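Chemist: One structure is given below, represented as structure tokens, and several questions about it will come after.
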Amino acid sequence: MQVDNIIILGVNHKTAPVAIREQLAFSGDSGLPFSDLMAMEGVTECCILSTCNRVEIIVVSRDPARTTQLLRPFLFGKSAVNDQEFEKYSYLYQGEEAITHLFRVGASLDSMIVGEPQILGQLKQAYKASADNNCTGAILNRFLHKSFSVAKRIRTETNIGGSAVSISYAAVELAKKIFGELQDKTVMLVGAGEMAELAAEHLITQGISQVVVVNRTFENAVKLARRFNGKAAGLDDLIPQLENVDILISSTGATDLVLRHEDVKPVMNRRMNRPLFLIDIAMPRDLDAKLNKLDNVYLYDIDDLTQVVDINKAERDKEAGRGERIVVEETMKFTQWLAGMEVTPTIVALRRKAEGICRTEIERTAGNIKDLSPKQEKAIEKMAGAIANKLLHDPITYLKADQPGDKGEKLALIRQLFGLDDDRA
Amino acid sequence: MKLLFQLTFLIYIFVTLAYLVYFVNQNKRVRTLARYGMLVAAVGHLLYTMIRYLEAGHTPITSLHETISFSALAVTWGYLSFRWRYQVKNFGVFVSPLITTLMIVAAFAPQGTTRELTPELQSIWLPIHAGISLLAYGFLALAFCGGVMYLLQEREIKNKRFGLFYSRLPSLEALDRLNRHGLSAGFPLMTLGIITGMIWTKQGSGAYWQWDPKETLSLITWLVYAAIIHQRFTLGWRRRRAAIMVILGFGIALVTLYFASY
């Protein structure tokens with residue numbers, strides 16, 4: 001198999017604005033145009049990845065030059081984009097470049113937020129959809145599975161998905177550094193707001209057991225509390241309640257401070273110095289900056305959290321560099337495999353394997369028998385060779401036969417049966 | 001004999017360096033190396049101490065070299081027993097330098113006997129007393145390391161400057177738990193050590209308590225730790241304050257250990 005038979009045509013958030021991408025994203029309802037794509041000249045296998053940030057058409061073609069010409073109009077078919085804009089908005093990768101590209105996409109190195117984990121799931125779904133439509137064969141099966149394992153490898157070997165890159169996740173991460181497990185902890189929401197609720201939701205998915213909602217208007221508190229299955233309290237209940245709270249997220253519209261240093265100080269004694277994590281995402285601020293000076297009180301405002309996020313982003317970029325190196329390595333391995341996906345190299349590999357087995361077995365047997373004459377040893381060697389050849393005869397004939405059907409499937413089958421590719425993906 | 005000590009010493013240094021390298025670059029293979037190295041050093045060290053016991057015919061705590069080497073051994077085995085029970089991220093990075101420091105002191109400490117052991121003092125209670133007391137110090141040393149880690153981690157979280165430690169050290173909760181475990185293993189052992197020491201003294205000199213400087217210091221150390229534990233479990237001196245207390249407590253314990261060998 002020629003490396004150049006693999007083609008990827010795509011658009012993503014970097015190359016095309018949303019307005020353009022919207023015009024081509026194949027929507028899930030109408031179904032992806034698998035049959036059109038398979039009917040295209042030269043195409044033997046295909047897969048379509050369509051997410052809100054990218055569309056990728058992955059194709060294996062017998063006639064790459066011709067398929068390339070047809071692919072672009074296919075991708076932009078329904079939209080009013082002219083030829084020049086095609087070039088500008090889309091990218092076309094072939095051969096090794098295509099392999100590298102898919103590995104990078106799967107490993108989230110090409111994502112808007114580097115390291116975000118969703119893309120791998122989306123890629124898996126895309127693969128499943130095209131496999132269900134019988135659009136994948138030996139090459140894409142291996143290619144896609146390889147891209148999953150490369151993504152997994154990068155995730156475990158680098159810290160690419162390690163640290164939080166959104167404010168609410170950063171808050172959760174900090175909470176975990178302070179409290180360890182969040183299972184038996186209580187969070188208090190003071191005021192309401194999108195970000196506060198988001199952070200609360202994240203905390204709940206991390207196992208926070210109780211939510212207390214405090215609001216100036218008690219009704220609003222009750223409403224929000226119901227959503228989180230929690231308790232509601234009035235504003236004057238804030239300080240007494242503080243004794244049982246571990247994390248407090250404040251986001252009121254109040255112009256004055258809601259919680260002061262001298263309010264919290266006596267509470268800390270009653271809390272037996274259990275730590276208190278205060279998150280202030282209000283503008284202007286709700287919580288006294290001096291609170292951070294209290295022992296075992298950790299106060300973070302929106303600027304602090306933003307700073308955490310920025311540091312983490314920089315960290316991810318650094319880790320991405322290590323991921324790129326893995327991609328290069330894996331691309332090389334996959335290219336080697338592809339080169340072996342031809343009849344002749346496969347037969348060579350089969351023979352080599354048989355010879356190797358014969359040699360080791362002859363050595364073992366000859367070592368066990370004493371007083372073996374050179375003539376007898378020759379006879380044993382001959383017999384072993386004959387058995388191996390007879391056994392290989394049928395698989396080789398099968399490989400060489402010019403039957404209809406996917407040649408790749410046959411090669412993949414033989415290679416798998418005889419274990420010719422040492423790493424199993 | 002001497003060779004075995006030097007070999008163990010070298011392995012400890014190697015383990016410490018490996019842990020430090022691991023701490024910076026987080027390469028898991030280096031950590032595996034450090035872990036096995038620690039195990040080898042622990043076994044070598046134990047052998048050394050036992051051979052020394054057999055050669056001398058009494059518990060090897062009669063010279064400063066022996067006492068400190070013995071206590072380093074206690075820290076090592078305390079650490080290994082801890083590791084076996086539960087894991088604290090990057091704990092080895094902080095414990096191994098402490099062990100190595102003790103080993104360096106042991107290597108340069110006078111080898112000569114500081115005290116003649118009269119036959120009366122050579123009872124079975126001596127190894128029991130010494131073993132238990134030093135193991136207690138081992139656990140208190142672990143609490144000390146936990147305290148140092150706590151303060152480093154807390155400083156980064158409090159000041160919002162995330163440097164080397166934030167991502168590498170475990171949560172404050174885990175470090176505080178380490179403090180508690182170290183104390184709750186170390187303190188009872190220390191109490192037991194003092195009781196067995198009294199029995200041993202009684203055998204040797206006829207009185208349980210003689211108010212010599214060594215005994216007085218032990219009592220002070222014991223009282224300090226008793227206070228730490230009391231404050232911790234009744235008044236909520238946890239977390240930061242507890243971390244500072246175990247660090248101070250260990251300082252006093254070290255002074256006691258130094259004088260105990262005379």
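Starting from 1 in every chain, residues are counted up; chains themselves are A, B, ... following the order of the structure tokens, and ligands are numbered from 1 as listed.
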Give me, as JSON, numbers by chain, the residues of chain A touching chain B, with the criterion being at most 9 Å (counting only C-alpha atoms).

Modeler: {"A": [163, 174, 176, 177, 178, 179, 180, 181, 269, 271, 272, 273, 274, 275, 292, 293, 295, 296, 297, 298, 299, 300, 304, 305, 307, 308, 311]}

Chemist: I'd like the interatomic distance between atom CA of Asp317 of chain A and atom CA of Phe334 of chain A, to a tenth of an Å.

Modeler: 25.3 Å

Chemist: If we count only C-alpha atoms, what is near Ala72 of chain B at a cut-off of 12 Å, once residues fewer than 6 positions away on the same chain are taken out, given as a PyMOL selection string?

Modeler: chain B and resi 8-9+12+41-42+45-46+49+65-66+78-79+95-107+131+134-139+141-142+254+257

Chemist: How many Å lie between atom CA of Ala126 of chain A and atom CA of Ser50 of chain A, rounded to one decimal?

Modeler: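 So the two atoms, atom CA of Ala126 of chain A and atom CA of Ser50 of chain A, lie 7.6 Å apart.
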
Chemist: Write down as a ChimeraX atom specification the residues of segment 92-243 of chain B whose backbone DSSP state falls under helix (DSSP H, G or I).

Modeler: /B:92-108,119-121,125-159,172-205,213-235,239-243

Chemist: For segment 105-108 of chain A, work out the shell of residues within 9 Å, counting only C-alpha atoms and skipping chain neighbours fewer than 2 positions away, then give it as a ChimeraX atom specification.

Modeler: /A:100-103,110-123,147-148,150-155,160,323,327

Chemist: Given only C-alpha atoms as the basis, pick out the residue of B:Gly44, B:Gly193, B:Gly206, B:Leu140 nearest to Gly249 of chain B.

Modeler: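 With only C-alpha atoms as the atom set, the closest residue is B:Leu140.
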
Chemist: Neighbouring residues of Arg351 of chain A were defined as those with any atom within 12 Å, considering only C-alpha atoms; residues of the same chain fewer than 2 positions away were excluded. Please report them as an MDAnalysis selection string.

Modeler: chainID A and resid 344:349 353:358 385 388:393 395:396 418 420

Chemist: How would the residues just chosen look if you wrote them out with C-alpha atoms as a PDB file, in the first residue's frame?

Modeler:
ATOM      1  CA  THR A 344       5.390  -9.256  -1.756  1.00  0.00           C
ATOM      2  CA  PRO A 345       6.540  -7.864   1.617  1.00  0.00           C
ATOM      3  CA  THR A 346       3.912  -9.965   3.330  1.00  0.00           C
ATOM      4  CA  ILE A 347       5.144 -13.134   1.656  1.00  0.00           C
ATOM      5  CA  VAL A 348       8.722 -12.228   2.543  1.00  0.00           C
ATOM      6  CA  ALA A 349       7.696 -11.664   6.136  1.00  0.00           C
ATOM      7  CA  LYS A 353       9.016 -16.039  10.185  1.00  0.00           C
ATOM      8  CA  ALA A 354       8.858 -19.708   9.094  1.00  0.00           C
ATOM      9  CA  GLU A 355      12.626 -19.842   8.629  1.00  0.00           C
ATOM     10  CA  GLY A 356      13.179 -18.381  12.057  1.00  0.00           C
ATOM     11  CA  ILE A 357      10.894 -20.967  13.673  1.00  0.00           C
ATOM     12  CA  CYS A 358      12.596 -23.798  11.774  1.00  0.00           C
ATOM     13  CA  GLY A 385      11.842 -26.776   5.762  1.00  0.00           C
ATOM     14  CA  ALA A 388       7.052 -25.053   6.750  1.00  0.00           C
ATOM     15  CA  ASN A 389       6.789 -24.677   2.986  1.00  0.00           C
ATOM     16  CA  LYS A 390       3.800 -26.975   2.727  1.00  0.00           C
ATOM     17  CA  LEU A 391       2.046 -25.075   5.494  1.00  0.00           C
ATOM     18  CA  LEU A 392       2.747 -21.732   3.867  1.00  0.00           C
ATOM     19  CA  HIS A 393       1.768 -22.833   0.406  1.00  0.00           C
ATOM     20  CA  PRO A 395      -1.840 -18.872   2.529  1.00  0.00           C
ATOM     21  CA  ILE A 396       0.588 -17.631  -0.135  1.00  0.00           C
ATOM     22  CA  PHE A 418       0.572 -15.172  11.503  1.00  0.00           C
ATOM     23  CA  LEU A 420       3.532 -10.448  11.398  1.00  0.00           C
TER      24      LEU A 420
END

Chemist: Which residues in segment 13-182 of chain A does DSSP call strand (DSSP E)? List them as number ranges by chain.

Modeler: A: 43-50, 54-61, 91-94

Chemist: Any chance you can output those residues with C-alpha atoms as a PDB file, in the first residue's frame?

Modeler:
ATOM      1  CA  VAL A  43     -12.344   5.748  -3.010  1.00  0.00           C
ATOM      2  CA  THR A  44     -12.091   2.394  -1.253  1.00  0.00           C
ATOM      3  CA  GLU A  45     -12.506   3.454   2.369  1.00  0.00           C
ATOM      4  CA  CYS A  46     -13.723   6.575   4.101  1.00  0.00           C
ATOM      5  CA  CYS A  47     -14.543   8.136   7.430  1.00  0.00           C
ATOM      6  CA  ILE A  48     -16.102  11.495   8.261  1.00  0.00           C
ATOM      7  CA  LEU A  49     -15.419  13.423  11.432  1.00  0.00           C
ATOM      8  CA  SER A  50     -17.752  16.319  11.975  1.00  0.00           C
ATOM      9  CA  ARG A  54     -13.876  20.800  12.493  1.00  0.00           C
ATOM     10  CA  VAL A  55     -14.891  18.651   9.562  1.00  0.00           C
ATOM     11  CA  GLU A  56     -12.434  16.038   8.356  1.00  0.00           C
ATOM     12  CA  ILE A  57     -12.913  13.649   5.480  1.00  0.00           C
ATOM     13  CA  ILE A  58     -10.518  10.743   5.710  1.00  0.00           C
ATOM     14  CA  VAL A  59     -10.250   8.710   2.564  1.00  0.00           C
ATOM     15  CA  VAL A  60      -8.257   5.793   1.187  1.00  0.00           C
ATOM     16  CA  SER A  61      -8.101   5.983  -2.567  1.00  0.00           C
ATOM     17  CA  TYR A  91      -6.378  21.906   4.074  1.00  0.00           C
ATOM     18  CA  LEU A  92      -5.493  18.785   2.194  1.00  0.00           C
ATOM     19  CA  TYR A  93      -3.073  16.264   3.582  1.00  0.00           C
ATOM     20  CA  GLN A  94      -1.749  13.240   1.840  1.00  0.00           C
TER      21      GLN A  94
END

Chemist: Find the distance between atom CA of Val258 of chain A and atom CA of Ala164 of chain A and write it in Å to one decimal.

Modeler: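 Computed distance, atom CA of Val258 of chain A to atom CA of Ala164 of chain A, equals 28.1 Å.
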
Chemist: Could you list, as a short mmCIF file (atom, residue, chain, number, x, y, z; two decimals) with C-alpha atoms, in the first residue's frame, every residue within 12 Å of Tyr53 of chain B, counting only C-alpha atoms and ignoring same-chain residues fewer than 5 positions away?

Modeler:
data_model
loop_
_atom_site.label_atom_id
_atom_site.label_comp_id
_atom_site.auth_asym_id
_atom_site.auth_seq_id
_atom_site.Cartn_x
_atom_site.Cartn_y
_atom_site.Cartn_z
CA MET B 1 31.93 -4.41 57.84
CA LEU B 46 19.65 -3.85 58.47
CA LEU B 47 22.32 -6.46 57.79
CA TYR B 48 25.03 -4.01 58.77
CA HIS B 58 25.49 -5.87 72.46
CA THR B 59 23.01 -3.50 70.87
CA PRO B 60 24.87 -1.10 68.59
CA ILE B 61 23.98 2.14 70.28
CA THR B 62 27.10 2.74 72.30
CA GLU B 66 25.95 3.55 65.85
CA PHE B 70 20.48 2.95 63.83
CA LEU B 126 18.50 -2.74 76.06
CA PRO B 127 17.75 -3.88 72.48
#
